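Asks: Below is the file coords_26.txt, with compact mmCIF, C-alpha atoms.
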```txt
# COMPACT_ATOMS: atom_id res chain seq x y z
CA MET A 30 -19.63 11.53 3.97
CA THR A 31 -19.13 8.27 2.06
CA PHE A 32 -22.75 8.28 0.92
CA ASN A 33 -22.23 11.85 -0.28
CA VAL A 34 -19.39 10.61 -2.50
CA LYS A 35 -21.65 7.97 -4.02
CA ASP A 36 -24.39 10.55 -4.62
CA ARG A 37 -21.95 12.91 -6.33
CA VAL A 38 -20.84 10.19 -8.72
CA TRP A 39 -24.46 9.29 -9.45
CA LYS A 40 -25.45 12.91 -10.10
CA LYS A 41 -22.51 13.44 -12.45
CA ILE A 42 -23.41 10.29 -14.38
CA ASN A 43 -27.05 11.40 -14.66
CA SER A 44 -26.02 14.82 -15.92
CA TRP A 45 -24.20 13.13 -18.83
CA ARG A 46 -26.52 10.20 -19.37
CA GLY A 47 -28.60 11.83 -22.13
CA ARG A 48 -25.60 13.09 -24.11
CA PRO A 49 -24.32 11.07 -27.06
CA LEU A 50 -20.79 10.03 -26.04
CA SER A 51 -18.45 7.87 -28.05
CA ARG A 52 -16.50 5.07 -26.39
CA ALA A 53 -13.46 7.32 -26.29
CA GLY A 54 -15.54 10.07 -24.69
CA LYS A 55 -16.86 7.71 -22.03
CA GLU A 56 -13.36 6.47 -21.29
CA VAL A 57 -12.12 10.02 -20.75
CA MET A 58 -15.20 10.85 -18.68
CA ILE A 59 -14.69 7.86 -16.37
CA LYS A 60 -10.93 8.24 -15.98
CA SER A 61 -10.69 12.02 -15.72
CA VAL A 62 -13.97 12.99 -14.01
CA LEU A 63 -15.90 10.19 -12.33
CA GLN A 64 -12.96 8.35 -10.78
CA SER A 65 -11.49 11.60 -9.47
CA ILE A 66 -14.62 12.48 -7.43
CA PRO A 67 -13.85 10.16 -4.47
CA SER A 68 -10.08 10.80 -4.57
CA TYR A 69 -9.95 13.22 -1.64
CA ILE A 70 -11.95 11.07 0.76
CA MET A 71 -10.01 7.99 -0.38
CA SER A 72 -6.74 9.72 0.56
CA LEU A 73 -7.97 9.91 4.17
CA PHE A 74 -10.04 6.79 4.86
CA ILE A 75 -10.58 3.26 3.63
CA LEU A 76 -14.09 3.31 2.16
CA PRO A 77 -16.46 0.46 3.08
CA ASP A 78 -16.51 -2.33 0.51
CA GLY A 79 -20.20 -1.77 -0.13
CA ILE A 80 -19.66 1.89 -1.11
CA VAL A 81 -16.77 0.98 -3.43
CA SER A 82 -18.81 -1.79 -5.03
CA ASP A 83 -21.77 0.55 -5.61
CA ILE A 84 -19.57 3.18 -7.28
CA GLU A 85 -17.94 0.60 -9.54
CA LYS A 86 -21.35 -0.74 -10.55
CA MET A 87 -22.38 2.78 -11.54
CA LEU A 88 -19.24 3.22 -13.62
CA ASN A 89 -19.71 -0.15 -15.28
CA SER A 90 -23.33 0.63 -16.15
CA PHE A 91 -22.31 4.00 -17.55
CA TRP A 92 -19.65 2.37 -19.70
CA TRP A 93 -21.94 -0.26 -21.21
CA GLY A 94 -25.08 1.86 -21.28
CA GLY A 95 -25.41 5.63 -21.39
CA GLY A 96 -27.99 7.72 -23.16
CA THR A 97 -31.45 6.48 -22.19
CA ASN A 98 -30.26 2.90 -21.69
CA HIS A 99 -30.53 2.56 -17.90
CA ASN A 100 -30.89 -1.22 -17.78
CA CYS A 101 -27.94 -2.23 -19.91
CA ILE A 102 -26.19 -5.57 -20.02
CA ARG A 103 -22.73 -5.41 -18.48
CA TRP A 104 -20.79 -7.52 -20.89
CA MET A 105 -17.65 -7.60 -18.76
CA ALA A 106 -17.09 -7.40 -15.00
CA TRP A 107 -15.45 -4.27 -13.67
CA ASP A 108 -12.39 -6.11 -12.36
CA LYS A 109 -11.68 -7.19 -15.94
CA LEU A 110 -11.98 -3.61 -17.19
CA THR A 111 -9.42 -2.46 -14.61
CA GLY A 112 -6.73 -4.55 -16.30
CA THR A 113 -4.30 -2.92 -18.69
CA LYS A 114 -5.15 -2.81 -22.38
CA ASN A 115 -2.43 -5.41 -23.01
CA GLU A 116 -4.33 -7.67 -20.61
CA GLY A 117 -7.64 -7.13 -22.38
CA GLY A 118 -8.89 -4.40 -20.02
CA LEU A 119 -9.24 -0.65 -20.38
CA GLY A 120 -7.02 0.61 -17.58
CA PHE A 121 -9.80 1.87 -15.33
CA ARG A 122 -8.91 2.11 -11.66
CA ASP A 123 -9.57 -0.67 -9.24
CA LEU A 124 -10.99 1.66 -6.61
CA LYS A 125 -10.33 -0.62 -3.67
CA SER A 126 -6.64 -0.97 -4.56
CA PHE A 127 -6.37 2.74 -5.35
CA ASN A 128 -7.98 3.60 -2.00
CA LEU A 129 -5.43 1.45 -0.14
CA ALA A 130 -2.55 3.01 -2.13
CA MET A 131 -3.80 6.50 -1.27
CA VAL A 132 -4.12 5.81 2.47
CA ALA A 133 -0.71 4.11 2.47
CA LYS A 134 0.74 7.56 1.75
CA ARG A 135 -0.36 8.53 5.27
CA GLY A 136 1.38 5.49 6.71
CA TRP A 137 4.51 6.31 4.73
CA LEU A 138 4.64 9.75 6.35
CA LEU A 139 4.53 8.13 9.81
CA LEU A 140 7.50 5.97 8.80
CA SER A 141 9.60 8.50 6.91
CA LYS A 142 8.98 11.50 9.20
CA PRO A 143 9.01 10.03 12.72
CA HIS A 144 9.78 13.41 14.33
CA SER A 145 6.79 15.22 12.88
CA LEU A 146 4.00 16.17 15.30
CA VAL A 147 1.49 13.82 13.66
CA SER A 148 3.90 10.87 13.83
CA ILE A 149 4.70 11.53 17.49
CA ILE A 150 1.00 11.69 18.41
CA PHE A 151 0.10 8.49 16.55
CA LYS A 152 3.05 6.60 18.01
CA ALA A 153 2.28 7.75 21.55
CA LYS A 154 -1.35 6.67 21.22
CA TYR A 155 -1.23 3.49 19.14
CA PHE A 156 2.25 1.93 19.23
CA PRO A 157 4.35 3.47 22.04
CA ASN A 158 6.30 0.27 22.73
CA SER A 159 6.47 -1.29 19.28
CA THR A 160 7.23 -0.49 15.66
CA PHE A 161 4.68 0.74 13.15
CA PHE A 162 4.47 -2.69 11.52
CA GLU A 163 4.04 -4.44 14.88
CA ALA A 164 1.31 -2.05 16.06
CA SER A 165 -2.07 -3.44 17.06
CA LEU A 166 -5.36 -1.85 16.13
CA GLY A 167 -5.90 -0.85 19.77
CA ASN A 168 -9.06 -0.13 21.70
CA ASN A 169 -11.57 2.25 20.13
CA PRO A 170 -9.23 3.36 17.30
CA SER A 171 -10.04 6.41 15.22
CA PHE A 172 -11.26 5.88 11.67
CA VAL A 173 -8.01 7.42 10.39
CA TRP A 174 -5.82 4.99 12.35
CA ARG A 175 -8.02 2.05 11.40
CA SER A 176 -7.46 2.96 7.74
CA VAL A 177 -3.71 3.50 8.08
CA TRP A 178 -3.42 0.25 10.03
CA GLN A 179 -5.00 -1.63 7.10
CA ALA A 180 -2.63 0.07 4.64
CA ARG A 181 0.41 -1.40 6.42
CA SER A 182 -0.09 -4.57 4.40
CA LEU A 183 0.72 -2.64 1.22
CA LEU A 184 3.68 -0.77 2.71
CA SER A 185 5.20 -4.01 3.97
CA LEU A 186 5.51 -5.19 0.36
CA GLY A 187 7.81 -2.37 -0.72
CA CYS A 188 9.22 -0.63 2.36
CA ARG A 189 12.66 -1.53 3.66
CA TRP A 190 15.19 -0.04 6.03
CA SER A 191 18.26 1.49 4.45
CA ILE A 192 20.95 0.71 7.01
CA GLY A 193 23.04 3.53 8.42
CA ASP A 194 24.55 2.62 11.77
CA GLY A 195 21.78 0.07 12.43
CA ARG A 196 21.02 1.31 15.95
CA ASN A 197 17.34 2.03 15.21
CA ILE A 198 16.63 -1.29 13.48
CA PRO A 199 15.66 -4.30 15.62
CA VAL A 200 16.97 -7.55 14.18
CA MET A 201 13.58 -9.20 14.67
CA GLY A 202 10.30 -7.72 13.50
CA SER A 203 11.79 -5.13 11.15
CA LEU A 204 11.80 -5.00 7.35
CA TRP A 205 15.49 -4.78 6.50
CA LEU A 206 16.33 -7.91 4.50
CA ARG A 207 16.55 -7.97 0.69
CA GLY A 208 16.77 -11.65 -0.20
CA SER A 209 13.63 -12.68 1.68
CA ARG A 210 10.09 -12.19 0.41
CA GLU A 211 8.91 -11.44 3.95
CA GLY A 212 11.61 -8.77 4.33
CA MET A 213 12.28 -9.73 7.95
CA LEU A 214 13.70 -12.54 10.03
CA ILE A 215 11.09 -14.93 11.32
CA GLY A 216 11.23 -17.07 14.46
CA PRO A 217 12.15 -19.10 16.19
CA GLN A 218 15.66 -17.72 16.77
CA THR A 219 18.09 -17.94 19.67
CA GLN A 220 16.90 -15.89 22.62
CA GLY A 221 19.60 -13.21 22.42
CA VAL A 222 18.63 -12.21 18.88
CA TYR A 223 15.28 -10.74 19.99
CA ALA A 224 16.98 -7.96 21.98
CA MET A 225 19.57 -7.08 19.34
CA SER A 226 19.74 -4.23 16.87
CA VAL A 227 21.28 -4.54 13.42
CA HIS A 228 24.17 -2.40 14.69
CA GLU A 229 25.38 -5.35 16.76
CA LEU A 230 25.76 -7.46 13.60
CA LEU A 231 28.16 -4.96 12.04
CA SER A 232 31.93 -5.06 12.27
CA PRO A 233 33.36 -2.52 14.76
CA ASN A 234 36.15 -1.71 12.29
CA GLY A 235 34.01 -0.42 9.46
CA LYS A 236 30.67 -0.62 7.72
CA LEU A 237 30.86 -4.35 7.07
CA TRP A 238 28.91 -7.35 8.27
CA ASN A 239 30.49 -9.34 11.07
CA ALA A 240 30.36 -12.58 9.10
CA GLY A 241 31.75 -14.73 11.92
CA LEU A 242 29.17 -13.56 14.47
CA ILE A 243 26.32 -13.90 11.99
CA SER A 244 27.35 -17.46 11.10
CA GLU A 245 27.40 -18.36 14.80
CA MET A 246 24.00 -16.88 15.64
CA PHE A 247 21.94 -17.85 12.59
CA GLY A 248 21.35 -20.83 10.37
CA ALA A 249 23.13 -21.08 7.01
CA ASP A 250 20.17 -19.86 4.96
CA GLU A 251 19.45 -16.87 7.21
CA ALA A 252 23.13 -15.93 7.43
CA LYS A 253 23.35 -15.93 3.63
CA ILE A 254 20.34 -13.60 3.35
CA ILE A 255 21.77 -11.21 5.95
CA LEU A 256 25.18 -11.03 4.27
CA GLN A 257 23.51 -10.18 0.95
CA VAL A 258 22.02 -6.96 2.37
CA PRO A 259 24.02 -4.04 0.94
CA LEU A 260 25.77 -1.60 3.26
CA VAL A 261 26.30 1.81 1.64
CA ASP A 262 28.87 4.17 3.18
CA GLU A 263 26.91 7.23 2.06
CA VAL A 264 23.93 6.24 4.24
CA GLN A 265 24.80 7.57 7.68
CA GLU A 266 21.44 7.28 9.44
CA ASP A 267 18.89 4.49 9.37
CA LYS A 268 15.97 5.49 7.19
CA TRP A 269 12.98 3.95 5.48
CA ILE A 270 12.96 3.65 1.71
CA TRP A 271 10.31 2.58 -0.79
CA GLY A 272 12.11 0.00 -2.89
CA GLU A 273 9.88 0.47 -5.96
CA GLU A 274 11.25 3.96 -6.65
CA GLN A 275 14.83 4.97 -7.38
CA ASN A 276 14.57 7.96 -5.06
CA GLY A 277 13.24 5.76 -2.26
CA GLU A 278 10.07 7.83 -1.81
CA TYR A 279 6.64 6.23 -1.77
CA ASN A 280 4.12 7.33 -4.37
CA VAL A 281 0.56 6.24 -5.03
CA ARG A 282 1.24 5.09 -8.59
CA THR A 283 3.77 2.42 -7.64
CA GLY A 284 1.83 1.56 -4.47
CA TYR A 285 -1.22 0.82 -6.61
CA ARG A 286 0.85 -1.28 -9.00
CA VAL A 287 2.45 -3.28 -6.18
CA TRP A 288 -0.90 -4.06 -4.55
CA ARG A 289 -2.48 -5.07 -7.85
CA ARG A 290 0.45 -7.37 -8.52
CA GLU A 291 0.21 -8.93 -5.07
CA SER A 292 -3.56 -9.34 -5.39
CA SER A 293 -3.16 -11.07 -8.74
CA ARG A 294 -0.56 -13.41 -7.25
CA SER A 295 -2.86 -14.26 -4.33
CA VAL A 296 -5.77 -14.99 -6.65
CA GLY A 297 -3.52 -17.20 -8.77
CA VAL A 298 -2.40 -19.15 -5.71
CA GLY A 299 -6.01 -19.61 -4.64
CA VAL A 300 -7.04 -20.91 -8.05
CA THR A 301 -4.12 -23.33 -8.17
CA GLY A 302 -4.92 -24.60 -4.69
CA ASN A 303 -8.42 -25.55 -5.79
```
Spell out the structure here as structure tokens.
Replies:
Amino acid sequence: MTFNVKDRVWKKINSWRGRPLSRAGKEVMIKSVLQSIPSYIMSLFILPDGIVSDIEKMLNSFWWGGGTNHNCIRWMAWDKLTGTKNEGGLGFRDLKSFNLAMVAKRGWLLLSKPHSLVSIIFKAKYFPNSTFFEASLGNNPSFVWRSVWQARSLLSLGCRWSIGDGRNIPVMGSLWLRGSREGMLIGPQTQGVYAMSVHELLSPNGKLWNAGLISEMFGADEAKIILQVPLVDEVQEDKWIWGEEQNGEYNVRTGYRVWRRESSRSVGVGVTGN
């Protein structure tokens, strides 16, 4: 199926290769037609890196060549062209990041709709005794689960619990903090913390943090981060939210932007380290 996607892109490029297209025409062709061909399959599975690389090479050759010029010089790498125009690029999609953002939508549905049939089946098979973010790949996983499992890395960058009564949110291993880049408490902690839910850190007299208990159980820095987490009276049940959107719902556009930003930061760190 993945090879079929590559062939479809190649055939579409060949059907337009002999036509005189301006730069603007090529840009529209790539953004509106060629990059949309693999969209459906990319919403289901993470494509192999080799397939993605081959498609991007085709697009790059089409951009710099066209007409009868099959062996053109690619004056700029594709990853540069995927930058915004303010960054010196042309705003083409980074297909690998877009693929991850598309599949992350599937993972978001497992988080936000835990009582749906699909969510129940996946949880029973792959993470019956843990959370979605703590799940292992498992033995002989399906291609769908393997793809969703990879997409957790993107969701972890923007997903957070919105605290209702806190009963469904483990203190450890859950993304519920706001003042920490990791989004969760990390060990080591006192033994009792690992069996607690966030509900046990709330005051019994109202929707407030039990500041005294938190100060006793955690270090000063961790206690400060916990007390900074907002508690909203209108939120009655614990639910997942996507922090990059005001409505709290995940969408591919912001998922793509978050992953590109994180990838850029990682590359920057790597360059500095050298």
Asks: Just want the 12 Å neighbourhood of stretch 276-293 of chain A, counted on all atoms listed in the file, with same-chain residues fewer than 3 positions away dropped. Output as a PyMOL selection string.
Replies: chain A and resi 68+71-72+108-109+111-113+120+122-142+180-191+210+268-273+296-300
Asks: What's the separation between atom CA of A:Ile75 and atom CA of A:Trp174, in Å to one decimal place?
Replies: 10.1 Å
Asks: So which residues fall inside 9 Å of (8.9, -2.3, 17.8) if we count all atoms listed in the file? Mind giving them as a tab-separated table (two decimals) with C-alpha atoms, keeping the file's coordinate frame?
Replies:
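Okay, result09.tsv is ready:
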```tsv
chain	number	residue	atom	x	y	z
A	156	PHE	CA	2.25	1.93	19.23
A	157	PRO	CA	4.35	3.47	22.04
A	158	ASN	CA	6.30	0.27	22.73
A	159	SER	CA	6.47	-1.29	19.28
A	160	THR	CA	7.23	-0.49	15.66
A	161	PHE	CA	4.68	0.74	13.15
A	162	PHE	CA	4.47	-2.69	11.52
A	163	GLU	CA	4.04	-4.44	14.88
A	164	ALA	CA	1.31	-2.05	16.06
A	198	ILE	CA	16.63	-1.29	13.48
A	199	PRO	CA	15.66	-4.30	15.62
A	201	MET	CA	13.58	-9.20	14.67
A	202	GLY	CA	10.30	-7.72	13.50
A	203	SER	CA	11.79	-5.13	11.15
```
Asks: Rounded to one decimal, what separation in Å do you get between atom CA of A:Tyr155 and atom CA of A:Pro170?
Replies: 8.2 Å
Asks: Around the point (21.7, -17.3, 8.3), in the coordinates given by the file, pick out the residues reaching within 12 Å, counting all atoms listed in the file, and return them as a ChimeraX atom specification.
Replies: /A:206,208-209,214-215,218-219,230,240-258
Asks: I'd like the interatomic distance between atom CA of A:Arg46 and atom CA of A:Ile84, to a tenth of an Å.
Replies: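 Pair atom CA of A:Arg46 / atom CA of A:Ile84 returns 15.6 Å.
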Asks: Near A:Ser171, counting only C-alpha atoms, which residues have an atom at most 12 Å away, once you skip same-chain residues fewer than 5 positions from it, shown as a list of chain:residue names?
Replies: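 Near neighbours after the sequence-gap exclusion: A:Leu73, A:Phe74, A:Phe151, A:Lys154, A:Tyr155, A:Leu166, A:Ser176, A:Val177, A:Trp178.
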Asks: Using all atoms listed in the file for the distances, tell me which of A:Asp83, A:Ile66, A:Leu88, A:Ser51 is nearest to A:Arg37.
Replies: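 Of A:Asp83, A:Ile66, A:Leu88, A:Ser51, the one nearest A:Arg37, counting all atoms listed in the file, is A:Ile66.
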Asks: Quick one: residues within 12 Å of A:Lys35, all atoms listed in the file, excluding same-chain residues fewer than 6 positions away - as a PyMOL selection string?
Replies: chain A and resi 41-42+63-64+66-68+70+76-77+79-88
Asks: Extract, using only C-alpha atoms, all DNA, RNA and protein residues at most 9 Å from A:Trp92, discarding same-chain residues fewer than 2 positions from it, and format them as JSON, numbers by chain.
Replies: {"A": [52, 55, 56, 59, 87, 88, 89, 90, 94, 95, 103]}
Asks: How about saving the chosen residues, C-alpha atoms kept, as a JSON list (two decimals), in the coordinates of the input?
Replies:
```json
[["chain", "number", "residue", "atom", "x", "y", "z"],
["A", 52, "ARG", "CA", -16.50, 5.07, -26.39],
["A", 55, "LYS", "CA", -16.86, 7.71, -22.03],
["A", 56, "GLU", "CA", -13.36, 6.47, -21.29],
["A", 59, "ILE", "CA", -14.69, 7.86, -16.37],
["A", 87, "MET", "CA", -22.38, 2.78, -11.54],
["A", 88, "LEU", "CA", -19.24, 3.22, -13.62],
["A", 89, "ASN", "CA", -19.71, -0.15, -15.28],
["A", 90, "SER", "CA", -23.33, 0.63, -16.15],
["A", 94, "GLY", "CA", -25.08, 1.86, -21.28],
["A", 95, "GLY", "CA", -25.41, 5.63, -21.39],
["A", 103, "ARG", "CA", -22.73, -5.41, -18.48]]
```
Asks: Point out the residue among A:Glu266, A:Gly221, A:Phe91, A:Ser226 with the least atom-to-atom distance to A:Gly47, counting only C-alpha atoms.
Replies: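 Looking at the shortest contact to A:Gly47, the residue is A:Phe91.
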Asks: Padding 5 Å on each side, edges along x, y and z: where is the centre of the box around the listed atoms of stretch 145-148 of chain A, and how long are its edges in Å to one decimal? Output it as lines of an AutoDock Vina configuration file.
Replies:
```
center_x = 4.1
center_y = 13.5
center_z = 14.1
size_x = 15.3
size_y = 15.3
size_z = 12.4
```
